[in-house]
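Shown next: data_4.txt, given as compact mmCIF, C-alpha atoms.
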```txt
# COMPACT_ATOMS: atom_id res chain seq x y z
CA MET A 1 2.39 -8.68 -7.45
CA ASP A 2 2.77 -10.03 -11.02
CA TYR A 3 5.90 -8.53 -12.57
CA TRP A 4 5.72 -10.19 -16.00
CA LEU A 5 4.88 -6.92 -17.78
CA PHE A 6 7.84 -5.13 -16.17
CA LEU A 7 10.16 -7.96 -17.16
CA LEU A 8 8.80 -8.14 -20.70
CA PHE A 9 9.56 -4.52 -21.54
CA PHE A 10 12.86 -4.55 -19.67
CA ILE A 11 14.10 -7.69 -21.46
CA ALA A 12 12.75 -6.44 -24.80
CA SER A 13 14.57 -3.10 -24.39
CA VAL A 14 17.87 -4.83 -23.53
CA ILE A 15 17.62 -7.18 -26.53
CA ALA A 16 16.51 -4.30 -28.79
CA THR A 17 19.57 -2.28 -27.79
CA LEU A 18 21.89 -5.17 -28.64
CA LEU A 19 20.11 -5.74 -31.96
CA LEU A 20 20.37 -2.07 -32.94
CA TYR A 21 24.12 -2.18 -32.30
CA ALA A 22 24.19 -5.27 -34.54
CA ARG A 23 22.04 -3.41 -37.13
CA GLN A 24 19.17 -5.90 -36.83
CA PRO A 25 15.39 -5.21 -36.88
CA LEU A 26 13.59 -4.39 -33.63
CA LEU A 27 10.74 -6.83 -34.17
CA VAL A 28 13.13 -9.71 -33.53
CA ALA A 29 13.65 -8.33 -30.01
CA TYR A 30 9.96 -8.76 -29.25
CA PHE A 31 9.99 -12.39 -30.43
CA ALA A 32 13.17 -13.07 -28.46
CA ALA A 33 11.75 -11.52 -25.26
CA GLY A 34 8.75 -13.86 -25.55
CA VAL A 35 11.00 -16.90 -25.99
CA VAL A 36 13.14 -15.93 -22.97
CA LEU A 37 10.17 -15.29 -20.66
CA GLY A 38 7.75 -17.89 -22.07
CA PRO A 39 6.82 -21.33 -20.73
CA TYR A 40 9.70 -22.94 -22.64
CA GLY A 41 12.21 -20.36 -21.36
CA LEU A 42 12.19 -18.87 -17.86
CA ASP A 43 8.44 -19.59 -17.56
CA VAL A 44 7.59 -16.09 -16.35
CA PHE A 45 4.38 -16.09 -18.42
CA SER A 46 2.15 -18.40 -16.42
CA ASP A 47 -0.86 -17.90 -18.70
CA VAL A 48 0.01 -17.38 -22.37
CA ASP A 49 -3.68 -17.43 -23.38
CA ARG A 50 -4.34 -14.46 -21.10
CA LEU A 51 -1.33 -12.71 -22.60
CA SER A 52 -2.73 -13.35 -26.08
CA GLN A 53 -6.02 -11.70 -25.11
CA ILE A 54 -4.18 -8.60 -23.91
CA ALA A 55 -2.02 -8.56 -27.06
CA HIS A 56 -5.18 -8.70 -29.19
CA ILE A 57 -5.71 -5.01 -28.40
CA GLY A 58 -2.61 -4.29 -30.50
CA ILE A 59 -4.18 -5.92 -33.56
CA VAL A 60 -7.46 -4.09 -32.96
CA SER A 61 -5.74 -0.70 -32.62
CA LEU A 62 -3.65 -1.36 -35.74
CA LEU A 63 -6.76 -2.04 -37.83
CA PHE A 64 -8.39 1.07 -36.35
CA LEU A 65 -5.41 3.20 -37.43
CA ILE A 66 -5.46 1.66 -40.91
CA GLY A 67 -9.12 2.62 -41.16
CA LEU A 68 -8.33 6.19 -40.08
CA GLU A 69 -6.03 6.55 -43.08
CA MET A 70 -8.67 5.47 -45.61
CA GLN A 71 -11.39 7.69 -46.99
CA PRO A 72 -14.52 5.58 -47.73
CA LYS A 73 -14.40 6.29 -51.49
CA ALA A 74 -10.70 5.50 -51.62
CA LEU A 75 -11.31 2.28 -49.69
CA LEU A 76 -13.92 1.07 -52.19
CA LYS A 77 -11.56 1.91 -55.05
CA THR A 78 -8.70 0.08 -53.34
CA LEU A 79 -10.77 -3.05 -52.72
CA SER A 80 -12.09 -3.13 -56.28
CA GLU A 81 -8.54 -2.78 -57.69
CA SER A 82 -7.26 -5.57 -55.43
CA LEU A 83 -10.12 -8.03 -55.97
CA GLY A 84 -8.83 -9.69 -59.15
CA VAL A 85 -5.29 -9.97 -57.79
CA PHE A 86 -6.58 -11.47 -54.57
CA PHE A 87 -8.70 -14.20 -56.19
CA VAL A 88 -6.03 -15.37 -58.65
CA ALA A 89 -3.18 -15.35 -56.11
CA THR A 90 -5.30 -17.08 -53.45
CA ALA A 91 -6.36 -19.87 -55.82
CA VAL A 92 -2.76 -20.56 -56.90
CA LEU A 93 -1.41 -20.44 -53.32
CA LEU A 94 -4.12 -22.80 -52.04
CA GLY A 95 -3.13 -25.33 -54.69
CA LEU A 96 0.60 -25.02 -53.96
CA PHE A 97 0.33 -25.40 -50.19
CA PHE A 98 -2.22 -28.21 -50.43
CA GLY A 99 0.12 -30.10 -52.77
CA LEU A 100 3.12 -29.58 -50.47
CA ALA A 101 1.17 -30.77 -47.41
CA ILE A 102 0.08 -33.95 -49.25
CA ILE A 103 3.69 -34.61 -50.30
CA LEU A 104 4.80 -34.18 -46.67
CA GLY A 105 2.41 -36.96 -45.68
CA PHE A 106 -0.44 -35.03 -44.07
CA ASN A 107 -3.99 -36.26 -44.59
CA VAL A 108 -6.49 -34.40 -46.78
CA VAL A 109 -8.12 -32.43 -43.93
CA ASP A 110 -4.76 -31.41 -42.46
CA SER A 111 -3.55 -30.42 -45.92
CA LEU A 112 -6.64 -28.33 -46.61
CA ILE A 113 -6.31 -26.43 -43.31
CA ILE A 114 -2.57 -25.92 -43.87
CA ALA A 115 -3.31 -24.55 -47.36
CA ILE A 116 -5.98 -22.18 -46.07
CA ALA A 117 -3.88 -20.91 -43.16
CA ALA A 118 -0.67 -20.58 -45.20
CA GLN A 119 -2.06 -18.31 -47.93
CA PHE A 120 -2.80 -15.51 -45.42
CA SER A 121 -0.16 -12.78 -45.04
CA SER A 122 0.48 -10.88 -41.82
CA THR A 123 -1.48 -7.63 -41.60
CA ILE A 124 0.55 -6.49 -38.60
CA ILE A 125 4.00 -6.98 -40.13
CA GLY A 126 2.90 -5.83 -43.59
CA ILE A 127 1.45 -2.54 -42.32
CA LYS A 128 4.08 -2.00 -39.62
CA LEU A 129 6.84 -2.08 -42.26
CA LEU A 130 4.95 -0.10 -44.90
CA PRO A 131 6.27 3.36 -45.91
CA THR A 132 3.70 6.06 -46.72
CA THR A 133 5.74 9.19 -47.33
CA VAL A 134 6.24 8.88 -51.09
CA LEU A 135 3.51 8.78 -53.73
CA HIS A 136 4.83 5.49 -55.15
CA HIS A 137 4.67 3.95 -51.71
CA ARG A 138 1.17 5.28 -51.13
CA HIS A 139 0.00 3.40 -54.22
CA LEU A 140 1.91 0.35 -53.00
CA GLY A 141 0.24 0.78 -49.62
CA ASP A 142 -3.23 1.04 -51.17
CA LEU A 143 -2.76 -2.21 -53.07
CA MET A 144 -1.29 -3.99 -50.06
CA VAL A 145 -4.03 -2.82 -47.71
CA GLY A 146 -6.67 -3.92 -50.23
CA ILE A 147 -5.17 -7.42 -50.55
CA LEU A 148 -4.68 -7.76 -46.80
CA LEU A 149 -8.23 -6.64 -46.05
CA LEU A 150 -9.65 -9.17 -48.52
CA GLN A 151 -7.49 -11.85 -46.89
CA ASP A 152 -8.76 -10.77 -43.48
CA ILE A 153 -12.36 -11.04 -44.66
CA LEU A 154 -11.69 -14.57 -45.93
CA ALA A 155 -9.94 -15.41 -42.65
CA ILE A 156 -12.95 -14.20 -40.70
CA PHE A 157 -15.26 -16.55 -42.61
CA VAL A 158 -12.87 -19.44 -41.94
CA ILE A 159 -12.73 -18.52 -38.24
CA ILE A 160 -16.52 -18.30 -38.05
CA ILE A 161 -16.85 -21.80 -39.49
CA LEU A 162 -14.19 -23.31 -37.20
CA ASP A 163 -15.43 -21.46 -34.13
CA ASN A 164 -18.94 -22.82 -34.63
CA ASN A 165 -17.94 -26.37 -35.64
CA GLY A 166 -19.33 -25.72 -39.08
CA ILE A 167 -21.97 -23.15 -39.92
CA GLY A 168 -25.36 -23.22 -41.57
CA SER A 169 -26.39 -21.08 -44.50
CA LEU A 170 -28.84 -19.06 -42.38
CA GLN A 171 -26.13 -18.23 -39.85
CA MET A 172 -23.75 -17.21 -42.61
CA LEU A 173 -26.42 -14.96 -44.12
CA ALA A 174 -26.95 -13.40 -40.70
CA VAL A 175 -23.26 -12.60 -40.47
CA LEU A 176 -23.25 -11.12 -43.98
CA GLY A 177 -26.30 -9.04 -43.11
CA ALA A 178 -24.66 -7.72 -39.95
CA ALA A 179 -21.75 -6.15 -41.86
CA PRO A 180 -23.69 -3.40 -43.70
CA LEU A 181 -25.76 -2.75 -40.57
CA LEU A 182 -22.57 -2.20 -38.56
CA VAL A 183 -21.24 0.15 -41.27
CA LEU A 184 -24.48 2.17 -41.27
CA PHE A 185 -24.46 2.33 -37.47
CA ALA A 186 -20.83 3.51 -37.46
CA PHE A 187 -21.31 6.33 -39.96
CA ALA A 188 -24.57 7.46 -38.38
CA GLY A 189 -22.93 7.40 -34.96
CA VAL A 190 -20.04 9.56 -36.17
CA GLN A 191 -22.31 12.05 -37.93
CA TYR A 192 -24.88 12.52 -35.16
CA VAL A 193 -22.91 11.74 -31.98
CA ILE A 194 -19.11 11.58 -32.30
CA ALA A 195 -18.55 14.59 -34.61
CA PRO A 196 -20.72 16.99 -32.56
CA LEU A 197 -18.96 15.90 -29.36
CA LEU A 198 -15.52 16.42 -30.91
CA VAL A 199 -16.50 19.90 -32.09
CA ARG A 200 -17.92 20.85 -28.70
CA PHE A 201 -14.97 19.59 -26.64
CA GLU A 202 -12.08 19.93 -29.11
CA ARG A 203 -10.02 21.88 -26.56
CA TYR A 204 -9.75 18.81 -24.31
CA HIS A 205 -7.13 16.57 -25.92
CA GLU A 206 -7.55 13.88 -23.28
CA TYR A 207 -11.26 13.71 -24.09
CA ILE A 208 -10.58 13.35 -27.83
CA PHE A 209 -8.24 10.46 -27.07
CA LEU A 210 -10.72 8.84 -24.67
CA LEU A 211 -13.68 9.23 -27.03
CA SER A 212 -11.69 7.79 -29.96
CA LEU A 213 -10.53 4.87 -27.85
CA GLY A 214 -14.08 4.23 -26.64
CA TRP A 215 -15.42 4.36 -30.21
CA MET A 216 -12.78 1.88 -31.38
CA MET A 217 -13.46 -0.53 -28.52
CA GLY A 218 -17.23 -0.19 -28.83
CA LEU A 219 -17.25 -1.02 -32.55
CA ALA A 220 -14.74 -3.82 -31.95
CA LEU A 221 -17.09 -5.25 -29.35
CA LEU A 222 -20.05 -5.04 -31.72
CA GLY A 223 -18.01 -6.63 -34.50
CA SER A 224 -17.13 -9.51 -32.21
CA TYR A 225 -20.73 -9.86 -31.00
CA PHE A 226 -22.03 -10.15 -34.58
CA LYS A 227 -19.29 -12.68 -35.47
CA LEU A 228 -17.53 -10.23 -37.80
CA SER A 229 -14.46 -10.11 -35.51
CA ALA A 230 -13.18 -7.31 -33.30
CA GLU A 231 -10.61 -6.40 -35.98
CA ILE A 232 -13.27 -5.69 -38.62
CA GLY A 233 -15.32 -3.70 -36.09
CA ALA A 234 -12.27 -1.57 -35.23
CA PHE A 235 -11.46 -1.06 -38.91
CA ILE A 236 -15.02 0.14 -39.59
CA ALA A 237 -14.69 2.49 -36.60
CA GLY A 238 -11.54 3.97 -38.12
CA VAL A 239 -13.03 4.40 -41.61
CA SER A 240 -16.10 6.07 -40.13
CA LEU A 241 -13.83 8.71 -38.52
CA ALA A 242 -11.62 9.15 -41.60
CA THR A 243 -13.66 12.02 -43.06
CA LEU A 244 -13.29 14.21 -39.96
CA PRO A 245 -10.71 17.04 -40.00
CA ILE A 246 -9.38 15.91 -36.62
CA THR A 247 -8.36 12.46 -37.92
CA ARG A 248 -4.61 13.16 -37.83
CA ALA A 249 -4.73 14.20 -34.18
CA ILE A 250 -6.64 11.02 -33.32
CA ALA A 251 -4.08 8.87 -35.16
CA VAL A 252 -1.13 10.52 -33.40
CA SER A 253 -2.72 9.98 -29.98
CA MET A 254 -3.40 6.28 -30.75
CA HIS A 255 0.09 5.32 -31.95
CA PRO A 256 1.55 4.71 -28.45
CA ILE A 257 -1.37 2.40 -27.59
CA ARG A 258 -0.77 0.41 -30.77
CA ASP A 259 2.98 0.11 -30.23
CA PHE A 260 2.62 -0.89 -26.57
CA PHE A 261 0.28 -3.79 -27.29
CA LEU A 262 2.11 -4.88 -30.45
CA VAL A 263 5.21 -5.52 -28.33
CA ILE A 264 3.07 -7.84 -26.22
CA PHE A 265 1.60 -9.46 -29.36
CA PHE A 266 4.97 -10.38 -30.87
CA ALA A 267 6.25 -11.52 -27.47
CA THR A 268 3.23 -13.82 -27.25
CA ILE A 269 4.21 -15.45 -30.53
CA GLY A 270 7.71 -16.00 -29.18
CA ALA A 271 6.32 -17.43 -25.96
CA ASN A 272 4.38 -20.04 -27.95
CA ILE A 273 7.54 -21.53 -29.45
CA ASP A 274 7.89 -25.00 -27.94
CA LEU A 275 11.65 -25.42 -27.78
CA ASN A 276 11.26 -29.11 -26.93
CA GLN A 277 9.43 -29.91 -30.18
CA ILE A 278 11.30 -27.74 -32.64
CA THR A 279 13.56 -30.52 -33.95
CA GLU A 280 10.65 -32.93 -34.43
CA HIS A 281 8.65 -30.58 -36.68
CA LEU A 282 11.44 -28.36 -38.02
CA PHE A 283 11.78 -30.07 -41.42
CA ASN A 284 8.10 -29.68 -42.32
CA ALA A 285 7.99 -26.16 -40.89
CA VAL A 286 11.02 -25.03 -42.89
CA LEU A 287 9.57 -26.42 -46.14
CA ILE A 288 6.24 -24.63 -45.55
CA ALA A 289 8.10 -21.41 -44.68
CA MET A 290 10.38 -21.69 -47.72
CA LEU A 291 7.42 -22.23 -50.05
CA CYS A 292 5.70 -19.20 -48.54
CA MET A 293 8.68 -16.87 -48.90
CA ALA A 294 9.58 -18.16 -52.37
CA SER A 295 6.14 -18.49 -53.97
CA LYS A 296 4.28 -15.42 -52.73
CA PRO A 297 6.69 -12.84 -54.22
CA VAL A 298 6.70 -14.67 -57.57
CA ILE A 299 2.93 -15.18 -57.72
CA TYR A 300 2.03 -11.64 -56.70
CA ARG A 301 4.64 -10.25 -59.07
CA LEU A 302 3.17 -12.19 -62.01
CA VAL A 303 -0.45 -11.35 -61.12
CA LEU A 304 0.23 -7.66 -60.45
CA THR A 305 2.22 -7.14 -63.64
CA LYS A 306 -0.72 -8.68 -65.52
CA HIS A 307 -2.81 -5.91 -63.91
CA SER A 308 -0.50 -3.27 -65.42
CA GLU A 309 1.56 -2.61 -62.30
CA SER A 310 5.30 -1.96 -62.65
CA ASN A 311 7.78 -4.78 -62.16
CA ASN A 312 9.51 -3.09 -59.18
CA LEU A 313 6.26 -2.35 -57.37
CA SER A 314 5.00 -5.89 -57.99
CA TRP A 315 8.16 -7.43 -56.52
CA ASP A 316 7.99 -5.02 -53.57
CA ILE A 317 4.42 -6.03 -52.71
CA GLY A 318 5.14 -9.73 -53.25
CA ILE A 319 8.11 -9.70 -50.89
CA ARG A 320 6.14 -7.85 -48.20
CA LEU A 321 3.34 -10.41 -48.49
CA GLY A 322 5.77 -13.34 -48.26
CA VAL A 323 4.98 -14.00 -44.62
CA LEU A 324 2.41 -16.10 -42.81
CA SER A 325 -0.22 -14.35 -40.74
CA GLU A 326 -1.42 -13.94 -37.19
CA PHE A 327 -4.68 -15.29 -38.64
CA SER A 328 -2.77 -18.45 -39.55
CA LEU A 329 -2.11 -18.95 -35.82
CA ILE A 330 -5.77 -18.33 -34.98
CA VAL A 331 -6.91 -20.85 -37.63
CA VAL A 332 -4.45 -23.41 -36.23
CA PHE A 333 -5.72 -22.84 -32.69
CA LEU A 334 -9.40 -23.18 -33.59
CA ALA A 335 -8.83 -26.15 -35.89
CA THR A 336 -6.92 -27.92 -33.12
CA GLN A 337 -9.62 -27.13 -30.56
CA GLY A 338 -12.26 -28.59 -32.90
CA ASN A 339 -10.15 -31.71 -33.55
CA TYR A 340 -9.91 -30.90 -37.27
CA LEU A 341 -6.11 -30.56 -37.25
CA SER A 342 -3.53 -33.06 -36.00
CA GLU A 343 -0.93 -32.01 -33.43
CA SER A 344 1.96 -32.55 -35.87
CA ALA A 345 0.34 -30.33 -38.51
CA ALA A 346 -0.46 -27.66 -35.91
CA GLN A 347 3.13 -27.56 -34.58
CA ALA A 348 4.63 -27.43 -38.08
CA LEU A 349 2.34 -24.59 -39.16
CA GLN A 350 2.89 -22.58 -35.98
CA LEU A 351 6.66 -22.90 -36.31
CA ALA A 352 6.52 -22.04 -40.04
CA THR A 353 4.53 -18.90 -39.20
CA ILE A 354 7.13 -17.75 -36.69
CA ILE A 355 10.00 -18.53 -39.10
CA THR A 356 8.44 -16.44 -41.87
CA MET A 357 7.66 -13.57 -39.49
CA ILE A 358 11.30 -13.39 -38.39
CA LEU A 359 12.90 -13.94 -41.82
CA ASN A 360 10.49 -11.66 -43.68
CA THR A 361 11.14 -8.91 -41.13
CA TYR A 362 14.89 -9.26 -41.80
CA TRP A 363 14.28 -9.23 -45.56
CA VAL A 364 12.07 -6.15 -45.62
CA THR A 365 13.98 -4.08 -43.06
CA ASN A 366 17.33 -4.72 -44.74
CA PHE A 367 16.42 -4.46 -48.43
CA LEU A 368 13.16 -2.49 -48.87
CA PRO A 369 12.06 1.02 -47.82
CA ASN A 370 10.39 0.83 -44.40
CA PRO A 371 9.96 2.80 -41.15
CA LEU A 372 12.25 0.48 -39.12
CA ALA A 373 15.17 0.31 -41.56
CA ILE A 374 18.65 0.46 -40.09
CA LYS A 375 20.17 1.71 -43.37
CA LYS A 376 19.53 5.42 -43.81
CA HIS A 377 18.73 5.26 -47.53
CA LEU A 378 15.88 2.80 -46.82
CA LYS A 379 14.41 4.70 -43.88
CA ARG A 380 10.84 5.86 -44.55
CA ASP A 381 8.44 7.11 -41.86
```

Please render this file's structure as structure tokens.
Amino acid sequence: MDYWLFLLFFIASVIATLLLYARQPLLVAYFAAGVVLGPYGLDVFSDVDRLSQIAHIGIVSLLFLIGLEMQPKALLKTLSESLGVFFVATAVLLGLFFGLAIILGFNVVDSLIIAIAAQFSSTIIGIKLLPTTVLHHRHLGDLMVGILLLQDILAIFVIIILDNNGIGSLQMLAVLGAAPLLVLFAFAGVQYVIAPLLVRFERYHEYIFLLSLGWMMGLALLGSYFKLSAEIGAFIAGVSLATLPITRAIAVSMHPIRDFFLVIFFATIGANIDLNQITEHLFNAVLIAMLCMASKPVIYRLVLTKHSESNNLSWDIGIRLGVLSEFSLIVVFLATQGNYLSESAAQALQLATIITMILNTYWVTNFLPNPLAIKKHLKRD
């Protein structure tokens, strides 16, 4: 029998207990458990790729829950408000990271991929540490979700191109055409199938959970099939259910699923840390990570204040976005598989992503309002 899952949650709980006594954030425990049990630690995880596939459910369920919180009209408003901020900040960040990569001695292709991957911010960490209980924070959350969703859409196009070794205009048009069709299918499915079933069998809480889970997975599967990504499919599934009065009950039932698989996701990142190559690529990784955590707060603060947002809110959003993304890791993986990215660039970017995820988690949990804060005055559900 394979006991890796038992060990993962046991080790994570032990480390989490120690970290809580030391007043440190829980997410670090998940990274640390992955390092301890990964191929460069005790080598309990014999197949990290398989583990990554399992952990992917955590990302899918997180996007589904985000969608559940967003009314369609509010979503369109959020995206339109975030569009200008997104384009300006992305253009500046691409230039900064491309310039740094060239200075570090990477070739033009490596530098371009590093720049693209480094401007993404983590949806998982950003949303996981986002408070929603105060009106100010709800507005902050709307802006952050809008920026992160636009980043995710850009990431999906990059992934499509890398996954297909380049892509033709007809194929790209097909992907763009599939998006509105999937949205129409989702809303029609909820109106004529899902909603009537929920009304008829609302007494059976297990059925509501099962139907919601099946709807999320089904739309995720369709999103993946049409090259839109499972995450986008799950998000559409959540938005399509957001108008139903039973949305809150669905969200509450899905939270344990999300948290279970997110532990595995963060442990997977820790398991991918090659302890033997850290020193070789550490200098480049630290510089990329430092630029990320220093530039993103400043850039988003400047852009957001230009869009009439308050100084405090702009800094808050910028700091929360000062982290590299899980999509950065996916871009690195696909670019390496397609022989677009050198091994040295891949290792530096992977390590930089992990560094920012750990340091940004410390930063947010210790100094900004968030659900995982150790300090009582920063604790927000």

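The nearest approach to Val28 in chain A among the residues A:Ala16, A:Leu51, A:Ser344, A:Leu222, with only C-alpha atoms taken into account, belongs to A:Ala16.
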
For CA of Thr268 in chain A and CA of Pro256 in chain A, the interatomic separation in Å (one decimal): 18.6 Å

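One distance worth recording is that between CA of Gly95 in chain A and CA of Thr279 in chain A, which is 27.1 Å.
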
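Residue nearest Ala118 in chain A, chosen from A:Tyr207, A:Phe97, A:Phe106, A:Phe333 and counting all atoms listed in the file: A:Phe97.
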
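The shortest atom-to-atom distance to Leu27 in chain A, with only C-alpha atoms taken into account, belongs to A:Ile124 out of A:Ile124, A:Ile330, A:Leu221, A:Ala101.
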